[in-house]
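To be precise, the following lines are input-v5.cif, and they hold mmCIF, C-alpha atoms and all ligand atoms.
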data_coords
#
loop_
_atom_site.label_atom_id
_atom_site.label_comp_id
_atom_site.auth_asym_id
_atom_site.auth_seq_id
_atom_site.Cartn_x
_atom_site.Cartn_y
_atom_site.Cartn_z
CA MET A 1 125.24 99.39 115.07
CA ASP A 2 125.16 102.96 116.29
CA ASN A 3 121.92 104.10 117.95
CA HIS A 4 122.31 107.69 116.83
CA CYS A 5 123.24 106.94 113.23
CA ILE A 6 120.53 107.85 110.71
CA PHE A 7 121.54 105.11 108.29
CA CYS A 8 121.58 102.47 111.06
CA GLN A 9 118.05 103.63 111.94
CA ILE A 10 116.97 103.25 108.28
CA ILE A 11 118.57 99.79 108.14
CA ARG A 12 116.73 98.75 111.33
CA GLY A 13 113.43 100.04 109.88
CA GLU A 14 113.12 102.76 112.54
CA ARG A 15 113.18 105.56 109.97
CA PRO A 16 111.41 105.45 106.59
CA ALA A 17 113.27 105.21 103.30
CA ASP A 18 112.46 104.22 99.74
CA PHE A 19 114.18 100.83 99.50
CA LEU A 20 115.11 99.25 96.18
CA TYR A 21 117.11 96.31 97.51
CA GLU A 22 118.11 94.51 100.69
CA ASP A 23 120.19 91.44 101.46
CA ASP A 24 122.20 90.17 104.44
CA SER A 25 125.03 92.61 103.97
CA LEU A 26 123.71 95.76 102.30
CA VAL A 27 120.70 97.93 101.47
CA VAL A 28 119.93 100.31 98.61
CA PHE A 29 117.55 103.24 99.03
CA LYS A 30 116.79 106.55 97.33
CA ASP A 31 118.67 109.66 98.41
CA ILE A 32 116.22 112.02 100.11
CA ARG A 33 117.71 115.05 98.29
CA PRO A 34 118.53 113.74 94.82
CA HIS A 35 121.24 115.46 92.77
CA ALA A 36 120.51 113.38 89.67
CA PRO A 37 117.40 111.86 88.04
CA VAL A 38 118.48 108.56 89.61
CA HIS A 39 120.29 109.07 92.93
CA LEU A 40 120.59 105.98 95.13
CA LEU A 41 122.67 105.14 98.17
CA ILE A 42 124.34 101.74 98.51
CA VAL A 43 124.87 101.15 102.20
CA PRO A 44 126.51 98.25 104.05
CA LYS A 45 124.53 97.09 107.09
CA LYS A 46 127.71 97.12 109.17
CA HIS A 47 128.33 100.53 110.73
CA ILE A 48 131.65 101.70 109.29
CA ARG A 49 132.36 105.42 109.62
CA SER A 50 134.05 106.09 106.28
CA VAL A 51 136.43 104.65 103.69
CA ASN A 52 139.23 105.57 106.13
CA ASP A 53 137.90 103.01 108.61
CA LEU A 54 137.75 100.04 106.25
CA THR A 55 139.80 97.03 107.31
CA GLU A 56 140.99 94.01 105.38
CA GLU A 57 137.95 92.01 106.57
CA ASP A 58 135.63 94.59 104.93
CA SER A 59 137.00 93.87 101.43
CA PRO A 60 134.10 91.59 100.39
CA ILE A 61 131.45 94.23 101.14
CA LEU A 62 133.19 96.72 98.85
CA SER A 63 133.03 94.37 95.92
CA GLU A 64 129.39 93.53 96.76
CA MET A 65 128.55 97.25 96.76
CA ILE A 66 130.01 97.80 93.31
CA MET A 67 128.49 94.64 91.84
CA ARG A 68 125.09 95.59 93.27
CA ALA A 69 125.41 99.12 91.88
CA LYS A 70 126.09 97.67 88.44
CA GLU A 71 122.99 95.44 88.65
CA ILE A 72 120.75 98.24 89.88
CA ALA A 73 122.01 100.59 87.18
CA LYS A 74 120.96 97.95 84.68
CA GLU A 75 117.52 97.60 86.30
CA GLN A 76 117.11 101.38 86.29
CA ALA A 77 118.05 101.43 82.59
CA ILE A 78 120.90 103.90 83.10
CA SER A 79 123.80 101.56 82.32
CA GLY A 80 124.06 102.62 78.70
CA SER A 81 123.74 106.36 79.27
CA GLY A 82 126.20 106.18 82.16
CA TYR A 83 126.40 106.88 85.87
CA ARG A 84 128.73 107.85 88.69
CA LEU A 85 129.74 105.85 91.75
CA LEU A 86 130.98 108.16 94.45
CA PHE A 87 132.32 108.06 97.99
CA ASN A 88 132.57 111.29 99.98
CA ILE A 89 135.21 110.87 102.66
CA GLU A 90 135.19 112.90 105.89
CA ARG A 91 134.11 116.54 106.13
CA GLY A 92 136.57 117.95 103.61
CA GLY A 93 135.39 115.34 101.12
CA GLY A 94 131.76 116.35 101.58
CA GLN A 95 130.67 113.49 103.85
CA VAL A 96 127.78 114.46 106.12
CA ILE A 97 126.48 111.02 107.16
CA PHE A 98 129.22 109.10 108.91
CA HIS A 99 128.05 105.62 107.94
CA LEU A 100 129.82 104.31 104.85
CA HIS A 101 127.77 104.64 101.66
CA MET A 102 128.31 104.87 97.93
CA HIS A 103 126.28 107.24 95.78
CA LEU A 104 124.90 105.89 92.49
CA MET A 105 123.96 108.84 90.31
CA GLY A 106 122.78 108.84 86.72
CA GLY A 107 119.87 109.08 84.33
CA TRP A 108 120.95 112.35 82.73
P1 LIG A 201 127.29 112.25 102.04
O1 LIG A 201 127.47 113.71 101.77
O2 LIG A 201 127.46 111.91 103.51
O3 LIG A 201 128.12 111.38 101.14
O4 LIG A 201 125.82 111.92 101.62
C1 LIG A 201 124.76 111.70 102.47
C2 LIG A 201 123.51 111.64 101.62
O5 LIG A 201 122.47 111.13 102.42
C3 LIG A 201 123.06 113.01 101.10
O6 LIG A 201 123.02 112.98 99.68
C4 LIG A 201 121.68 113.20 101.72
O7 LIG A 201 120.75 113.79 100.84
C5 LIG A 201 121.27 111.78 102.10
N1 LIG A 201 120.43 111.70 103.28
C6 LIG A 201 120.61 112.37 104.46
N2 LIG A 201 119.67 112.03 105.35
C7 LIG A 201 118.85 111.12 104.72
C8 LIG A 201 117.70 110.41 105.13
O8 LIG A 201 117.20 110.52 106.26
N3 LIG A 201 117.14 109.57 104.20
C9 LIG A 201 117.66 109.40 102.96
N4 LIG A 201 117.02 108.56 102.13
N5 LIG A 201 118.76 110.07 102.54
C10 LIG A 201 119.35 110.92 103.41
ZN ZN A 202 125.37 103.55 111.09
#
Let me see the structure of the file written as structure tokens.
Amino acid sequence: MDNHCIFCQIIRGERPADFLYEDDSLVVFKDIRPHAPVHLLIVPKKHIRSVNDLTEEDSPILSEMIMRAKEIAKEQAISGSGYRLLFNIERGGGQVIFHLHMHLMGGW
């Protein structure tokens, strides 16, 4: 946990967010500035800076993130029309929040 991290604050309930899902290892909430009709963020509870900082022991959370994205896409009825799963990595890759997250974008 990082006290100054916006996503850690959301996970701890110290900052509001529109949650769609929570379990022991991850949360899903709406992106505050959506770039698609459905734009969700899939966020592990563990504070990991970016894909670059993943270690072997983080492998299970990655598969949980993708499996959860698939389920939520189904619930949101965007599976058939299609969606994007996206990681921005470090500043050159467009990352602005340095707590690992995967964008789920669709509904076009
Ligand atoms: P990045 O560019 O780091 O991959 O994406 C960060 C995303 O987090 C952006 O799409 C941005 O709109 C979203 N975001 C930034 N601050 C907040 C916030 O306080 N609440 C929510 N729900 N989303 C945020
Ligand atoms: Zn964090």
Checklist entry - What do you get as a PyMOL selection string if you pick all residues at most 12 Å from ligand LIG 201 (chain A), counting all atoms listed in the file? => result chain A and resi 5-11+13-20+27-36+38-43+49-51+85-105
Checklist entry - Looking at A:Gly80, A:Pro44, A:Gly106, A:Pro60, which one is nearest to ligand ZN 202 (chain A), with distances taken over only C-alpha atoms and all ligand atoms? => result A:Pro44
Item to check | Atom pair atom ZN of ligand ZN 202 (chain A) / atom CA of Lys45 of chain A: separation (Å) | outcome: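 Separation of atom ZN of ligand ZN 202 (chain A) and atom CA of Lys45 of chain A: 7.6 Å.
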Checklist entry - What does the distance from atom CA of Gly82 of chain A to atom CA of Leu62 of chain A come to in Å, to one decimal? => result 20.4 Å
Item to check | One-decimal distance in Å that lies between atom CA of Gly107 of chain A and atom CA of Ile78 of chain A | outcome: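 Computing the Euclidean distance for atom CA of Ile78 of chain A and atom CA of Gly107 of chain A yields 5.4 Å.
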Checklist entry - With all atoms listed in the file as the basis for distance, which of A:Asp24, A:Asn3, A:Glu64, A:Pro37 is at the shortest distance from Trp108 of chain A? => result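 Under the stated criterion, the closest residue is A:Pro37.
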